[in-house]
>>> print(open('query.cif').read())   # mmCIF, C-alpha atoms and all ligand atoms
data_model
#
loop_
_atom_site.label_atom_id
_atom_site.label_comp_id
_atom_site.auth_asym_id
_atom_site.auth_seq_id
_atom_site.Cartn_x
_atom_site.Cartn_y
_atom_site.Cartn_z
CA MET A 1374 184.06 14.85 47.84
CA ILE A 1375 183.20 13.22 44.55
CA LYS A 1376 185.95 11.24 42.81
CA THR A 1377 187.01 13.93 40.34
CA GLU A 1378 187.39 16.39 43.22
CA VAL A 1379 189.58 13.90 45.09
CA VAL A 1380 191.73 13.43 41.98
CA ASP A 1381 192.05 17.22 41.50
CA HIS A 1382 192.79 17.83 45.16
CA ILE A 1383 195.55 15.23 45.50
CA ALA A 1384 197.15 16.22 42.18
CA HIS A 1385 197.19 19.85 43.29
CA GLU A 1386 198.69 19.04 46.73
CA LEU A 1387 201.45 16.92 45.14
CA TYR A 1388 202.14 19.62 42.55
CA LYS A 1389 202.52 22.27 45.29
CA ALA A 1390 204.66 19.98 47.46
CA GLU A 1391 207.19 19.55 44.65
CA ARG A 1392 207.09 23.21 43.60
CA ASP A 1393 207.58 24.47 47.17
CA GLY A 1394 209.94 21.67 48.27
CA VAL A 1395 207.78 20.57 51.21
CA GLU A 1396 206.65 17.12 52.37
CA VAL A 1397 203.04 15.98 52.62
CA ASP A 1398 201.39 13.14 54.56
CA LYS A 1399 200.07 9.99 52.92
CA PHE A 1400 196.71 10.46 51.23
CA VAL A 1401 195.35 6.93 51.83
CA ASP A 1402 194.65 7.87 55.47
CA GLN A 1403 192.51 10.80 54.37
CA PHE A 1404 190.83 9.34 51.26
CA SER A 1405 189.79 5.70 51.70
CA GLU A 1406 188.70 5.57 48.06
CA LEU A 1407 192.31 6.07 46.88
CA ASP A 1408 193.20 2.73 45.29
CA SER A 1409 195.85 2.22 42.64
CA GLU A 1410 193.40 2.75 39.75
CA LEU A 1411 192.31 6.15 41.09
CA ALA A 1412 195.96 6.91 41.88
CA TYR A 1413 196.93 6.52 38.19
CA GLU A 1414 194.19 9.07 37.42
CA VAL A 1415 195.81 11.43 39.92
CA GLN A 1416 199.18 10.78 38.24
CA ASP A 1417 197.74 11.67 34.81
CA ARG A 1418 196.17 14.84 36.26
CA LEU A 1419 199.46 15.81 37.91
CA ILE A 1420 201.44 15.26 34.70
CA GLY A 1421 198.94 17.34 32.69
CA LYS A 1422 199.29 20.16 35.22
CA LYS A 1423 203.11 19.99 35.19
CA CYS A 1424 203.20 20.05 31.37
CA ARG A 1425 201.02 23.18 31.32
CA GLU A 1426 202.58 25.07 34.24
CA GLU A 1427 206.20 24.18 33.45
CA ASN A 1428 205.80 24.36 29.68
CA THR A 1429 207.32 20.92 29.16
CA ARG A 1430 206.45 17.66 27.42
CA ILE A 1431 206.51 13.92 28.03
CA SER A 1432 209.90 12.40 27.15
CA GLY A 1433 209.24 8.86 28.34
CA ARG A 1434 208.31 6.62 31.22
CA LYS A 1435 209.84 5.05 34.30
CA LEU A 1436 209.32 1.89 36.27
CA GLY A 1437 209.48 1.85 40.05
CA LEU A 1438 209.82 -0.88 42.65
CA THR A 1439 210.77 -3.53 40.08
CA SER A 1440 213.58 -5.10 42.14
CA ARG A 1441 213.31 -6.97 45.42
CA ALA A 1442 215.94 -4.63 46.91
CA LYS A 1443 213.67 -1.63 46.27
CA GLN A 1444 210.44 -3.36 47.28
CA GLU A 1445 211.92 -4.41 50.61
CA MET A 1446 213.45 -1.00 51.19
CA MET A 1447 210.09 0.76 50.70
CA GLY A 1448 207.72 -1.93 52.02
CA VAL A 1449 205.69 -1.84 48.78
CA HIS A 1450 205.67 -5.19 47.01
CA GLU A 1451 204.29 -4.34 43.58
CA PRO A 1452 205.90 -2.45 40.70
CA THR A 1453 204.64 0.96 39.63
CA TYR A 1454 205.20 3.23 36.66
CA GLY A 1455 205.39 6.96 36.10
CA VAL A 1456 206.07 9.59 33.47
CA LEU A 1457 209.34 11.34 32.56
CA LEU A 1458 209.20 14.93 31.35
CA GLU A 1459 211.73 16.79 29.22
CA ASN A 1460 212.53 19.21 32.05
CA MET A 1461 213.52 16.32 34.36
CA GLN A 1462 216.55 15.37 32.25
CA LEU A 1463 220.01 16.36 33.52
CA LEU A 1464 223.19 16.25 31.48
CA GLU A 1465 226.32 14.47 32.65
CA GLY A 1466 229.10 16.82 33.76
CA ALA A 1467 227.80 19.89 35.57
CA PRO A 1468 227.35 19.43 39.36
CA ILE A 1469 223.72 18.96 40.35
CA SER A 1470 222.43 21.44 42.93
CA MET A 1471 220.59 19.87 45.90
CA ARG A 1472 218.56 23.05 46.34
CA PRO A 1473 215.36 22.02 44.47
CA PHE A 1474 215.02 18.71 46.32
CA ILE A 1475 213.14 17.72 49.49
CA HIS A 1476 215.22 14.63 50.43
CA ALA A 1477 216.45 13.22 47.13
CA LYS A 1478 217.96 9.76 46.65
CA ILE A 1479 219.73 8.31 43.63
CA GLU A 1480 219.34 4.93 41.92
CA PRO A 1481 221.20 2.98 39.21
CA GLU A 1482 219.08 1.99 36.21
CA ILE A 1483 219.17 0.81 32.61
CA ALA A 1484 217.58 3.19 30.06
CA PHE A 1485 215.85 1.90 26.92
CA ILE A 1486 215.34 4.24 23.95
CA PHE A 1487 212.53 3.18 21.65
CA ASP A 1488 212.33 3.66 17.89
CA LYS A 1489 208.96 1.92 17.46
CA GLU A 1490 205.68 2.27 19.28
CA VAL A 1491 204.84 -0.50 21.77
CA LYS A 1492 201.19 -1.06 22.57
CA GLY A 1493 199.68 -3.73 24.89
CA PRO A 1494 197.92 -5.95 25.79
CA THR A 1495 200.20 -8.85 24.76
CA VAL A 1496 203.65 -7.27 24.78
CA SER A 1497 206.52 -9.70 25.55
CA VAL A 1498 210.21 -9.30 26.34
CA THR A 1499 210.97 -10.00 22.67
CA ASP A 1500 208.58 -7.24 21.55
CA ILE A 1501 210.32 -4.77 23.86
CA LEU A 1502 213.78 -5.73 22.56
CA ALA A 1503 212.59 -5.52 18.93
CA ALA A 1504 211.28 -1.98 19.49
CA THR A 1505 214.39 -0.79 21.38
CA ALA A 1506 216.91 1.20 19.36
CA TYR A 1507 219.47 1.58 22.15
CA ILE A 1508 220.19 1.02 25.80
CA ALA A 1509 222.44 3.10 28.06
CA PRO A 1510 223.43 3.39 31.72
CA ALA A 1511 221.17 5.74 33.64
CA MET A 1512 220.63 7.20 37.09
CA GLU A 1513 217.35 8.41 38.48
CA ILE A 1514 217.02 10.98 41.24
CA ILE A 1515 213.86 10.19 43.18
CA ASP A 1516 212.38 12.69 45.62
CA SER A 1517 209.15 11.41 47.17
CA ARG A 1518 206.84 14.21 48.17
CA PHE A 1519 205.80 12.10 51.19
CA ARG A 1520 207.21 12.68 54.66
CA ASN A 1521 210.26 10.41 55.18
CA PHE A 1522 209.52 8.51 51.93
CA ASN A 1523 206.64 6.89 53.86
CA PHE A 1524 203.92 5.81 51.41
CA THR A 1525 201.62 3.01 50.27
CA LEU A 1526 201.22 1.77 46.69
CA PRO A 1527 198.41 4.23 45.76
CA ASP A 1528 200.29 7.15 47.33
CA VAL A 1529 203.50 6.52 45.39
CA VAL A 1530 201.56 5.95 42.15
CA ALA A 1531 199.77 9.31 42.60
CA ASP A 1532 203.18 10.92 43.24
CA ASN A 1533 204.40 9.83 39.79
CA SER A 1534 206.45 7.04 41.39
CA SER A 1535 208.68 9.55 43.25
CA SER A 1536 210.29 10.74 40.00
CA SER A 1537 212.30 13.94 40.04
CA ARG A 1538 215.27 13.97 37.60
CA TYR A 1539 217.11 11.52 35.37
CA MET A 1540 220.41 11.21 33.51
CA ILE A 1541 221.28 8.94 30.60
CA GLY A 1542 224.79 8.07 29.38
CA GLU A 1543 225.57 9.84 26.13
CA LYS A 1544 227.07 6.77 24.48
CA LEU A 1545 224.26 4.48 23.38
CA TYR A 1546 224.55 0.72 22.84
CA ARG A 1547 222.67 -1.76 20.67
CA VAL A 1548 220.58 -4.14 22.70
CA ASP A 1549 221.42 -7.25 20.65
CA ASN A 1550 225.05 -7.39 21.80
CA VAL A 1551 224.35 -7.95 25.50
CA ASP A 1552 222.51 -10.40 27.72
CA LEU A 1553 220.55 -7.97 29.87
CA ARG A 1554 219.84 -10.59 32.53
CA LEU A 1555 223.50 -11.30 33.18
CA MET A 1556 224.76 -7.76 32.71
CA GLY A 1557 226.67 -6.94 35.90
CA MET A 1558 226.40 -3.57 37.63
CA VAL A 1559 228.55 -1.74 40.20
CA PHE A 1560 227.13 1.34 41.95
CA ARG A 1561 229.62 3.58 43.79
CA LYS A 1562 229.36 6.53 46.16
CA ASN A 1563 232.50 8.62 46.63
CA GLY A 1564 234.57 5.77 45.19
CA GLU A 1565 233.23 3.10 47.55
CA ILE A 1566 231.03 0.27 46.32
CA LEU A 1567 227.47 0.72 47.59
CA ALA A 1568 225.86 -2.14 45.67
CA THR A 1569 226.53 -4.76 43.03
CA SER A 1570 223.75 -6.33 40.99
CA ALA A 1571 222.79 -7.68 37.57
CA GLY A 1572 219.99 -6.97 35.09
CA ALA A 1573 217.99 -9.99 36.30
CA SER A 1574 217.35 -8.18 39.61
CA VAL A 1575 214.68 -6.20 37.71
CA MET A 1576 211.82 -8.72 37.40
CA GLY A 1577 214.13 -11.38 35.94
CA HIS A 1578 214.84 -9.21 32.87
CA PRO A 1579 214.60 -5.40 32.66
CA ALA A 1580 212.58 -5.69 29.43
CA ARG A 1581 210.00 -7.76 31.35
CA ALA A 1582 209.32 -4.76 33.58
CA ILE A 1583 208.76 -2.59 30.50
CA ALA A 1584 206.48 -5.22 28.92
CA TRP A 1585 204.47 -5.28 32.18
CA MET A 1586 204.06 -1.51 31.95
CA ALA A 1587 203.07 -1.54 28.25
CA ASN A 1588 200.38 -4.10 29.05
CA LYS A 1589 199.05 -1.86 31.84
CA LEU A 1590 199.20 1.36 29.80
CA VAL A 1591 196.87 0.04 27.12
CA LYS A 1592 194.02 -0.02 29.66
CA LYS A 1593 194.21 3.76 29.68
CA GLY A 1594 194.59 3.95 25.89
CA GLN A 1595 198.30 4.76 26.27
CA SER A 1596 201.47 3.26 24.77
CA ILE A 1597 205.23 3.67 24.66
CA LYS A 1598 205.90 5.99 21.71
CA ALA A 1599 208.80 5.93 19.23
CA GLY A 1600 211.50 8.29 20.50
CA GLU A 1601 210.61 7.84 24.16
CA VAL A 1602 213.04 6.73 26.85
CA VAL A 1603 212.05 4.24 29.54
CA LEU A 1604 213.95 3.73 32.79
CA SER A 1605 213.42 0.09 33.73
CA GLY A 1606 213.76 0.49 37.53
CA ALA A 1607 216.53 0.52 40.11
CA LEU A 1608 218.79 -2.56 40.25
CA SER A 1609 219.64 -1.91 43.91
CA GLY A 1610 218.45 0.15 46.86
CA ALA A 1611 218.46 3.95 46.54
CA ALA A 1612 221.31 5.98 48.05
CA THR A 1613 220.92 9.14 50.11
CA ILE A 1614 222.69 12.22 48.71
CA SER A 1615 224.57 15.04 50.45
CA PRO A 1616 226.15 18.07 48.79
CA GLY A 1617 229.65 17.12 47.58
CA ASP A 1618 228.76 13.48 46.92
CA HIS A 1619 229.84 11.75 43.73
CA PHE A 1620 228.09 8.68 42.32
CA SER A 1621 228.94 6.35 39.46
CA VAL A 1622 227.23 3.38 37.90
CA SER A 1623 229.16 0.93 35.69
CA PHE A 1624 227.63 -1.85 33.65
CA ASP A 1625 229.28 -4.77 31.90
CA GLY A 1626 229.31 -3.96 28.17
CA ILE A 1627 227.53 -0.59 28.19
CA GLY A 1628 229.93 1.69 30.05
CA SER A 1629 229.33 3.98 32.98
CA LEU A 1630 227.76 7.25 34.07
CA GLU A 1631 228.76 9.75 36.78
CA ALA A 1632 226.86 12.30 38.86
CA SER A 1633 228.22 14.95 41.25
CA PHE A 1634 226.16 17.02 43.67
CA SER A 1635 226.74 20.49 45.08
C1 LIG B 1701 209.52 4.73 44.57
C2 LIG B 1701 210.17 4.76 43.22
C3 LIG B 1701 211.22 3.69 43.11
C4 LIG B 1701 212.63 2.39 41.44
O1 LIG B 1701 213.32 2.41 40.42
O2 LIG B 1701 212.52 1.40 42.15
C5 LIG B 1701 211.91 3.66 41.79
C6 LIG B 1701 210.43 5.11 45.69
O3 LIG B 1701 211.23 4.29 46.13
O4 LIG B 1701 210.33 6.24 46.17
O5 LIG B 1701 211.95 4.58 41.04
#
>>> encode(input="query.cif", output="structure tokens", more="lines below")
Ligand code: OOG
Amino acid sequence: MIKTEVVDHIAHELYKAERDGVEVDKFVDQFSELDSELAYEVQDRLIGKKCREENTRISGRKLGLTSRAKQEMMGVHEPTYGVLLENMQLLEGAPISMRPFIHAKIEPEIAFIFDKEVKGPTVSVTDILAATAYIAPAMEIIDSRFRNFNFTLPDVVADNSSSSRYMIGEKLYRVDNVDLRLMGMVFRKNGEILATSAGASVMGHPARAIAWMANKLVKKGQSIKAGEVVLSGALSGAATISPGDHFSVSFDGIGSLEASFS
């Protein structure tokens, strides 16, 4: 197969896997040419297809595998990024049905909401903070399309970094009142503490992860746009979800967010 056929084929398989709620096997075993550069092309193709078929639009971006906890959990030691779509956003309050998911997990994150465009290639932490209107607690539901969440870097990149749904706290906070590195976090499942962490677990500073992404995006002529939300990556390992589970994430200085599943 020529490269564009490989890109089309993998994007189509991943699209179907999500739509039909079925797992697929890693693609690197089948397509030796699948490196992370080609995988980002697959990701773009997949997002284009989802926007058309699901009649939705890009609402932002997400980082993946930005903390050591996540990298060790998944055996992939480099960060990735992906795209958030409007139809992935869930509102706090109503119980979330497990029905659409293959084997979803949930992660605690910090969301950044931008009011200025950020374009690489020399974006710094300061640039990210200067372009951020607000931050808020967030949770991401990831649902890898790969069997048993078993993937390599190019596979997970092609699969839009396992993204599935996201929630953002409705009360927004100014970024200049907190030290994001030292901001403590407590993640609970059914009232019990699953993990504690701090902002620095995400590449030393969550804004550093976003700067890294902005500097990568420019190679494809892309940028973070004003109005977009960016999830800066999980601060701890992901938690498995069963119907009836209740999760909460609390951050020092920016409040908390809850999610219940049915
Ligand atoms: C990849 C995506 C991880 C994060 O915040 O680390 C991620 C995965 O673990 O399936 O979104």
>>> atom_distance(input="query.cif", atom1="CA of Asp1618 in chain A", atom2="CA of Asn1563 in chain A")
6.1 Å
>>> closest_residue(input="query.cif", among="A:Ile1583, A:Val1379, A:Ala1571, A:Leu1604", to="ligand LIG 1701 (chain B)", atoms="only C-alpha atoms and all ligand atoms")
A:Leu1604
>>> residues_around(input="query.cif", residues="Met1374 in chain A", least_positions_apart="3", cutoff="12 Å", atoms="all atoms listed in the file", output="NGL selection string")
:A and (1377-1383 or 1403-1406)
>>> residues_near_ligand(input="query.cif", ligand="ligand LIG 1701 (chain B)", cutoff="10 Å", atoms="all atoms listed in the file", output="MDAnalysis selection string")
chainID A and resid 1435:1449 1452:1455 1477:1483 1512:1519 1521:1526 1528:1530 1532:1537 1575 1604:1611
>>> closest_atom_pairs(input="query.cif", of="range 1449-1528 of chain A", to="range 1631-1635 of chain A", cutoff="8 Å", atoms="all atoms listed in the file", output="tab-separated table")
residue	atom	partner	partner_atom	distance
A:Glu1465	CA	A:Ala1632	CA	6.6
A:Gly1466	CA	A:Ala1632	CA	7.2
A:Ala1467	CA	A:Ser1633	CA	7.5
A:Pro1468	CA	A:Ser1633	CA	4.9
A:Ile1469	CA	A:Phe1634	CA	4.6
A:Ser1470	CA	A:Ser1635	CA	4.9
A:Met1471	CA	A:Ser1635	CA	6.2
>>> residues_around(input="query.cif", residues="Glu1427 in chain A", least_positions_apart="6", cutoff="12 Å", atoms="only C-alpha atoms", output="PDB file with C-alpha atoms, in the frame of the given file")
ATOM      1  CA  TYR A1388     202.140  19.620  42.550  1.00  0.00           C
ATOM      2  CA  ARG A1392     207.090  23.210  43.600  1.00  0.00           C
ATOM      3  CA  LEU A1419     199.460  15.810  37.910  1.00  0.00           C
ATOM      4  CA  ILE A1420     201.440  15.260  34.700  1.00  0.00           C
ATOM      5  CA  GLY A1421     198.940  17.340  32.690  1.00  0.00           C
ATOM      6  CA  LEU A1458     209.200  14.930  31.350  1.00  0.00           C
ATOM      7  CA  GLU A1459     211.730  16.790  29.220  1.00  0.00           C
ATOM      8  CA  ASN A1460     212.530  19.210  32.050  1.00  0.00           C
ATOM      9  CA  MET A1461     213.520  16.320  34.360  1.00  0.00           C
TER      10      MET A1461
END
>>> closest_residue(input="query.cif", among="A:Ala1582, A:Val1395, A:Ala1412, A:Val1622", to="Thr1569 in chain A", atoms="all atoms listed in the file")
A:Val1622
>>> closest_residue(input="query.cif", among="A:Met1540, A:Leu1590, A:Leu1545, A:Ile1627", to="Met1558 in chain A", atoms="all atoms listed in the file")
A:Ile1627
>>> closest_residue(input="query.cif", among="A:Ala1580, A:Ile1475, A:Leu1502, A:Ala1531", to="Glu1414 in chain A", atoms="all atoms listed in the file")
A:Ala1531
